[in-house]
>>> print(open('work-v4.pdb').read())   # PDB, C-alpha atoms
ATOM      1  CA  MET A 134      41.602 184.446  11.729  1.00  0.00           C
ATOM      2  CA  THR A 135      43.487 181.497  10.265  1.00  0.00           C
ATOM      3  CA  THR A 136      44.425 180.797   6.670  1.00  0.00           C
ATOM      4  CA  THR A 137      46.010 177.752   5.105  1.00  0.00           C
ATOM      5  CA  SER A 138      49.020 177.841   2.842  1.00  0.00           C
ATOM      6  CA  TYR A 139      50.930 174.850   1.487  1.00  0.00           C
ATOM      7  CA  ARG A 140      50.895 172.341   4.352  1.00  0.00           C
ATOM      8  CA  TYR A 141      51.003 174.754   7.259  1.00  0.00           C
ATOM      9  CA  THR A 142      48.502 177.208   8.682  1.00  0.00           C
ATOM     10  CA  VAL A 143      49.084 180.910   9.205  1.00  0.00           C
ATOM     11  CA  SER A 144      47.668 182.235  12.447  1.00  0.00           C
ATOM     12  CA  ILE A 145      46.831 185.952  12.348  1.00  0.00           C
ATOM     13  CA  GLU A 146      45.651 187.518  15.601  1.00  0.00           C
ATOM     14  CA  ALA A 147      44.760 191.042  16.675  1.00  0.00           C
ATOM     15  CA  ASP A 148      45.756 191.869  20.241  1.00  0.00           C
ATOM     16  CA  PRO A 149      42.635 193.092  22.114  1.00  0.00           C
ATOM     17  CA  THR A 150      44.559 195.570  24.304  1.00  0.00           C
ATOM     18  CA  LEU A 151      47.240 196.950  21.944  1.00  0.00           C
ATOM     19  CA  PRO A 152      47.248 197.907  18.232  1.00  0.00           C
ATOM     20  CA  ILE A 153      49.305 194.813  17.372  1.00  0.00           C
ATOM     21  CA  ILE A 154      48.915 192.077  14.769  1.00  0.00           C
ATOM     22  CA  ARG A 155      50.652 188.770  15.511  1.00  0.00           C
ATOM     23  CA  MET A 156      51.295 186.034  12.951  1.00  0.00           C
ATOM     24  CA  THR A 157      52.747 182.570  13.410  1.00  0.00           C
ATOM     25  CA  ARG A 158      53.685 180.091  10.673  1.00  0.00           C
ATOM     26  CA  ASP A 159      55.901 176.989  10.478  1.00  0.00           C
ATOM     27  CA  PHE A 160      58.206 176.278   7.530  1.00  0.00           C
ATOM     28  CA  ASP A 161      60.171 173.274   6.292  1.00  0.00           C
ATOM     29  CA  ALA A 162      63.463 175.169   6.410  1.00  0.00           C
ATOM     30  CA  THR A 163      66.206 176.020   8.859  1.00  0.00           C
ATOM     31  CA  PRO A 164      66.263 179.424  10.553  1.00  0.00           C
ATOM     32  CA  ALA A 165      69.259 180.373   8.381  1.00  0.00           C
ATOM     33  CA  GLU A 166      67.386 179.453   5.180  1.00  0.00           C
ATOM     34  CA  LEU A 167      64.313 181.392   6.253  1.00  0.00           C
ATOM     35  CA  MET A 168      66.440 184.373   7.316  1.00  0.00           C
ATOM     36  CA  ARG A 169      68.183 184.356   3.920  1.00  0.00           C
ATOM     37  CA  ALA A 170      64.797 184.430   2.150  1.00  0.00           C
ATOM     38  CA  HIS A 171      63.898 187.518   4.200  1.00  0.00           C
ATOM     39  CA  THR A 172      67.198 189.384   3.749  1.00  0.00           C
ATOM     40  CA  ASP A 173      68.374 188.527   0.217  1.00  0.00           C
ATOM     41  CA  PRO A 174      66.633 191.070  -2.051  1.00  0.00           C
ATOM     42  CA  GLU A 175      66.388 188.744  -5.070  1.00  0.00           C
ATOM     43  CA  LEU A 176      64.808 185.989  -2.988  1.00  0.00           C
ATOM     44  CA  PHE A 177      62.519 188.367  -1.087  1.00  0.00           C
ATOM     45  CA  ALA A 178      61.134 189.815  -4.338  1.00  0.00           C
ATOM     46  CA  ARG A 179      60.234 186.322  -5.528  1.00  0.00           C
ATOM     47  CA  TRP A 180      57.913 185.476  -2.651  1.00  0.00           C
ATOM     48  CA  VAL A 181      56.558 188.587  -0.937  1.00  0.00           C
ATOM     49  CA  GLY A 182      52.877 189.453  -1.364  1.00  0.00           C
ATOM     50  CA  PRO A 183      49.940 188.088  -3.314  1.00  0.00           C
ATOM     51  CA  ASN A 184      50.318 186.130  -6.544  1.00  0.00           C
ATOM     52  CA  ASN A 185      49.014 188.910  -8.795  1.00  0.00           C
ATOM     53  CA  LEU A 186      51.741 191.415  -7.848  1.00  0.00           C
ATOM     54  CA  GLN A 187      55.239 191.725  -9.297  1.00  0.00           C
ATOM     55  CA  THR A 188      57.807 193.092  -6.850  1.00  0.00           C
ATOM     56  CA  GLU A 189      60.846 195.195  -7.728  1.00  0.00           C
ATOM     57  CA  ILE A 190      63.457 196.007  -5.091  1.00  0.00           C
ATOM     58  CA  LEU A 191      64.615 199.623  -5.370  1.00  0.00           C
ATOM     59  CA  ASP A 192      66.846 199.865  -2.295  1.00  0.00           C
ATOM     60  CA  TRP A 193      67.991 197.091   0.043  1.00  0.00           C
ATOM     61  CA  ASP A 194      70.538 197.034   2.856  1.00  0.00           C
ATOM     62  CA  ALA A 195      69.481 194.187   5.168  1.00  0.00           C
ATOM     63  CA  THR A 196      71.893 195.053   7.963  1.00  0.00           C
ATOM     64  CA  THR A 197      71.376 196.648  11.359  1.00  0.00           C
ATOM     65  CA  GLY A 198      70.795 200.339  10.593  1.00  0.00           C
ATOM     66  CA  GLY A 199      70.082 199.617   6.906  1.00  0.00           C
ATOM     67  CA  ARG A 200      67.051 200.521   4.838  1.00  0.00           C
ATOM     68  CA  TRP A 201      64.750 198.998   2.260  1.00  0.00           C
ATOM     69  CA  ARG A 202      62.299 200.088  -0.431  1.00  0.00           C
ATOM     70  CA  TYR A 203      60.318 198.150  -3.009  1.00  0.00           C
ATOM     71  CA  VAL A 204      57.357 198.563  -5.327  1.00  0.00           C
ATOM     72  CA  ALA A 205      54.743 195.993  -6.164  1.00  0.00           C
ATOM     73  CA  ARG A 206      52.874 196.320  -9.459  1.00  0.00           C
ATOM     74  CA  ARG A 207      49.605 194.982 -10.802  1.00  0.00           C
ATOM     75  CA  ASP A 208      47.896 196.017 -14.040  1.00  0.00           C
ATOM     76  CA  GLY A 209      49.928 199.223 -14.293  1.00  0.00           C
ATOM     77  CA  VAL A 210      49.199 200.240 -10.695  1.00  0.00           C
ATOM     78  CA  GLU A 211      52.180 200.643  -8.376  1.00  0.00           C
ATOM     79  CA  PHE A 212      52.251 200.220  -4.601  1.00  0.00           C
ATOM     80  CA  GLY A 213      55.370 201.438  -2.801  1.00  0.00           C
ATOM     81  CA  PHE A 214      56.699 200.295   0.574  1.00  0.00           C
ATOM     82  CA  HIS A 215      59.743 201.347   2.576  1.00  0.00           C
ATOM     83  CA  GLY A 216      61.351 201.093   5.977  1.00  0.00           C
ATOM     84  CA  CYS A 217      64.506 200.698   8.018  1.00  0.00           C
ATOM     85  CA  PHE A 218      66.188 197.638   9.452  1.00  0.00           C
ATOM     86  CA  HIS A 219      66.722 198.431  13.135  1.00  0.00           C
ATOM     87  CA  GLU A 220      68.239 195.039  13.909  1.00  0.00           C
ATOM     88  CA  VAL A 221      69.214 192.077  11.764  1.00  0.00           C
ATOM     89  CA  ALA A 222      70.439 189.195  13.931  1.00  0.00           C
ATOM     90  CA  ASP A 223      70.777 185.437  13.394  1.00  0.00           C
ATOM     91  CA  ASP A 224      67.267 184.726  14.666  1.00  0.00           C
ATOM     92  CA  ARG A 225      65.446 188.077  14.563  1.00  0.00           C
ATOM     93  CA  ILE A 226      64.662 191.064  12.353  1.00  0.00           C
ATOM     94  CA  VAL A 227      63.327 194.357  13.720  1.00  0.00           C
ATOM     95  CA  GLN A 228      62.229 196.836  11.069  1.00  0.00           C
ATOM     96  CA  THR A 229      59.819 199.617  10.272  1.00  0.00           C
ATOM     97  CA  PHE A 230      57.211 199.215   7.545  1.00  0.00           C
ATOM     98  CA  THR A 231      55.430 202.033   5.713  1.00  0.00           C
ATOM     99  CA  PHE A 232      53.008 201.860   2.784  1.00  0.00           C
ATOM    100  CA  ASP A 233      53.570 204.920   0.579  1.00  0.00           C
ATOM    101  CA  GLY A 234      49.793 205.330   0.262  1.00  0.00           C
ATOM    102  CA  GLN A 235      49.587 205.895   4.029  1.00  0.00           C
ATOM    103  CA  PRO A 236      52.897 207.601   4.918  1.00  0.00           C
ATOM    104  CA  GLU A 237      51.688 208.556   8.398  1.00  0.00           C
ATOM    105  CA  GLY A 238      51.119 204.889   9.306  1.00  0.00           C
ATOM    106  CA  VAL A 239      54.515 203.507  10.321  1.00  0.00           C
ATOM    107  CA  ALA A 240      54.537 200.029  11.826  1.00  0.00           C
ATOM    108  CA  LEU A 241      57.285 198.531  13.958  1.00  0.00           C
ATOM    109  CA  GLU A 242      57.712 194.881  13.000  1.00  0.00           C
ATOM    110  CA  THR A 243      59.629 192.130  14.734  1.00  0.00           C
ATOM    111  CA  LEU A 244      60.188 188.707  13.174  1.00  0.00           C
ATOM    112  CA  TRP A 245      61.549 185.796  15.204  1.00  0.00           C
ATOM    113  CA  PHE A 246      62.928 182.607  13.614  1.00  0.00           C
ATOM    114  CA  GLU A 247      62.564 179.747  16.114  1.00  0.00           C
ATOM    115  CA  ASP A 248      64.431 176.509  15.385  1.00  0.00           C
ATOM    116  CA  LEU A 249      62.036 173.575  15.839  1.00  0.00           C
ATOM    117  CA  GLY A 250      64.663 170.972  14.897  1.00  0.00           C
ATOM    118  CA  ASP A 251      64.539 168.516  12.005  1.00  0.00           C
ATOM    119  CA  GLY A 252      64.948 171.342   9.463  1.00  0.00           C
ATOM    120  CA  ARG A 253      61.813 173.182  10.566  1.00  0.00           C
ATOM    121  CA  THR A 254      61.396 176.762  11.759  1.00  0.00           C
ATOM    122  CA  ARG A 255      58.551 178.679  13.342  1.00  0.00           C
ATOM    123  CA  LEU A 256      58.265 182.268  12.145  1.00  0.00           C
ATOM    124  CA  ARG A 257      56.590 184.590  14.617  1.00  0.00           C
ATOM    125  CA  ALA A 258      55.888 188.131  13.465  1.00  0.00           C
ATOM    126  CA  GLN A 259      54.491 191.093  15.334  1.00  0.00           C
ATOM    127  CA  SER A 260      53.442 194.419  13.833  1.00  0.00           C
ATOM    128  CA  LEU A 261      52.782 197.343  16.157  1.00  0.00           C
ATOM    129  CA  VAL A 262      50.797 199.997  14.302  1.00  0.00           C
ATOM    130  CA  ASP A 263      49.936 203.549  15.347  1.00  0.00           C
ATOM    131  CA  SER A 264      46.289 202.983  16.299  1.00  0.00           C
ATOM    132  CA  PHE A 265      43.533 200.412  16.632  1.00  0.00           C
ATOM    133  CA  GLU A 266      41.921 201.991  13.569  1.00  0.00           C
ATOM    134  CA  GLY A 267      45.119 201.488  11.562  1.00  0.00           C
ATOM    135  CA  ARG A 268      45.424 197.904  12.758  1.00  0.00           C
ATOM    136  CA  ASP A 269      41.823 197.165  11.826  1.00  0.00           C
ATOM    137  CA  GLN A 270      42.338 198.722   8.381  1.00  0.00           C
ATOM    138  CA  TRP A 271      45.285 196.364   7.810  1.00  0.00           C
ATOM    139  CA  LEU A 272      43.158 193.388   8.820  1.00  0.00           C
ATOM    140  CA  ALA A 273      40.247 194.507   6.610  1.00  0.00           C
ATOM    141  CA  SER A 274      42.537 195.156   3.623  1.00  0.00           C
ATOM    142  CA  GLY A 275      42.775 191.487   2.696  1.00  0.00           C
ATOM    143  CA  MET A 276      46.267 191.171   4.139  1.00  0.00           C
ATOM    144  CA  GLU A 277      45.614 187.503   4.935  1.00  0.00           C
ATOM    145  CA  THR A 278      45.454 186.755   1.204  1.00  0.00           C
ATOM    146  CA  GLY A 279      48.810 188.411   0.617  1.00  0.00           C
ATOM    147  CA  VAL A 280      50.339 186.638   3.619  1.00  0.00           C
ATOM    148  CA  ASP A 281      48.876 183.265   2.655  1.00  0.00           C
ATOM    149  CA  GLU A 282      49.878 183.467  -1.017  1.00  0.00           C
ATOM    150  CA  GLY A 283      53.280 184.947  -0.181  1.00  0.00           C
ATOM    151  CA  TYR A 284      54.065 182.168   2.288  1.00  0.00           C
ATOM    152  CA  ALA A 285      52.980 179.547  -0.255  1.00  0.00           C
ATOM    153  CA  LYS A 286      55.483 181.088  -2.701  1.00  0.00           C
ATOM    154  CA  LEU A 287      58.075 181.112   0.081  1.00  0.00           C
ATOM    155  CA  ASP A 288      57.465 177.393   0.700  1.00  0.00           C
ATOM    156  CA  ALA A 289      58.102 176.675  -2.983  1.00  0.00           C
ATOM    157  CA  LEU A 290      61.204 178.885  -3.039  1.00  0.00           C
ATOM    158  CA  LEU A 291      62.664 177.210   0.052  1.00  0.00           C
ATOM    159  CA  ALA A 292      62.056 173.771  -1.454  1.00  0.00           C
ATOM    160  CA  GLU A 293      63.782 174.911  -4.672  1.00  0.00           C
ATOM    161  CA  LEU A 294      66.824 176.177  -2.760  1.00  0.00           C
ATOM    162  CA  ARG A 295      67.323 172.927  -0.852  1.00  0.00           C
TER     163      ARG A 295
END
>>> encode(input="work-v4.pdb", output="structure tokens")
Amino acid sequence: MTTTSYRYTVSIEADPTLPIIRMTRDFDATPAELMRAHTDPELFARWVGPNNLQTEILDWDATTGGRWRYVARRDGVEFGFHGCFHEVADDRIVQTFTFDGQPEGVALETLWFEDLGDGRTRLRAQSLVDSFEGRDQWLASGMETGVDEGYAKLDALLAELR
């Protein structure tokens, strides 16, 4: 499946042999700028998720071995998420991701920030979930809307920071 956000396209693919979701998206930003938007809690809260959710960071230590927790709210309903940062490097983040509503479903996520030159970066993300059923539930949940709208907000944020 492919969705369009701002001027770039998000590619979302399900691996046919493993319970993995892969996403690829280009940004008009350097790897350092994109990394900052993923590790600075104030910036992260401004862009993550769909437009109709407000995000509040409850715990954030974006360092190797650190942890994170946030809630997203819409119309009085709260959705909690948490995980651990296993590695935070100059060009890569490895972390776990858990939705509080499905605490048994822990995903291992890796994000790579590839310098394309000329102030552009390709973000590649991979989420390994616990089962094909879990992966397919993520895909059926409307995650592409949240990814698409979130990345559009990220585009605007990156332009504002430049």
>>> residues_around(input="work-v4.pdb", residues="range 161-174 of chain A", least_positions_apart="6", cutoff="12 Å", atoms="all atoms listed in the file", output="VMD selection string")
chain A and resid 139 to 141 180 to 181 188 to 197 199 to 203 218 220 to 228 244 to 257 283 to 295
>>> resolve_selection(input="work-v4.pdb", expression="the PyMOL selection byres ((chain A and resi 278-281) around 12)", output="ChimeraX atom specification")
/A:134-145,156-158,180-186,205,258,271-277,282-288
>>> resolve_selection(input="work-v4.pdb", expression="the PyMOL selection byres ((chain A and resi 236) around 12)", output="VMD selection string")
chain A and resid 213 to 216 229 to 235 237 to 240 263 267
>>> atom_distance(input="work-v4.pdb", atom1="CA of Val204 in chain A", atom2="CA of Pro152 in chain A")
25.6 Å
>>> atom_distance(input="work-v4.pdb", atom1="CA of Cys217 in chain A", atom2="CA of Ser260 in chain A")
14.0 Å
>>> atom_distance(input="work-v4.pdb", atom1="CA of Asp269 in chain A", atom2="CA of Ala178 in chain A")
26.2 Å
>>> axis_aligned_box(input="work-v4.pdb", around="range 153-156 of chain A", padding_each_side="6 Å", output="lines of an AutoDock Vina configuration file")
center_x = 50.1
center_y = 190.4
center_z = 15.2
size_x = 14.4
size_y = 20.8
size_z = 16.4
>>> closest_residue(input="work-v4.pdb", among="A:Phe212, A:Thr243, A:Ile154, A:Pro149", to="Arg268 in chain A", atoms="only C-alpha atoms")
A:Ile154
>>> build_atoms(input="work-v4.pdb", residues="range 171-182 of chain A", atoms="N, CA and C atoms", output="CSV table (one decimal), in the coordinates of the input")
chain,number,residue,atom,x,y,z
A,171,HIS,N,64.4,186.2,3.8
A,171,HIS,CA,63.9,187.5,4.2
A,171,HIS,C,64.9,188.7,4.0
A,172,THR,N,66.2,188.3,3.8
A,172,THR,CA,67.2,189.4,3.7
A,172,THR,C,67.9,189.5,2.4
A,173,ASP,N,67.8,188.5,1.6
A,173,ASP,CA,68.4,188.5,0.2
A,173,ASP,C,67.3,189.2,-0.7
A,174,PRO,N,67.6,190.3,-1.3
A,174,PRO,CA,66.6,191.1,-2.1
A,174,PRO,C,66.1,190.3,-3.2
A,175,GLU,N,66.9,189.5,-3.9
A,175,GLU,CA,66.4,188.7,-5.1
A,175,GLU,C,65.4,187.7,-4.6
A,176,LEU,N,65.7,187.0,-3.5
A,176,LEU,CA,64.8,186.0,-3.0
A,176,LEU,C,63.5,186.6,-2.4
A,177,PHE,N,63.7,187.7,-1.7
A,177,PHE,CA,62.5,188.4,-1.1
A,177,PHE,C,61.5,188.8,-2.2
A,178,ALA,N,62.0,189.4,-3.3
A,178,ALA,CA,61.1,189.8,-4.3
A,178,ALA,C,60.4,188.7,-5.0
A,179,ARG,N,60.9,187.5,-4.9
A,179,ARG,CA,60.2,186.3,-5.5
A,179,ARG,C,59.0,185.8,-4.7
A,180,TRP,N,59.0,186.1,-3.4
A,180,TRP,CA,57.9,185.5,-2.7
A,180,TRP,C,57.0,186.5,-2.0
A,181,VAL,N,57.4,187.7,-1.8
A,181,VAL,CA,56.6,188.6,-0.9
A,181,VAL,C,55.2,189.0,-1.6
A,182,GLY,N,54.2,189.0,-0.9
A,182,GLY,CA,52.9,189.5,-1.4
A,182,GLY,C,52.1,188.5,-2.2
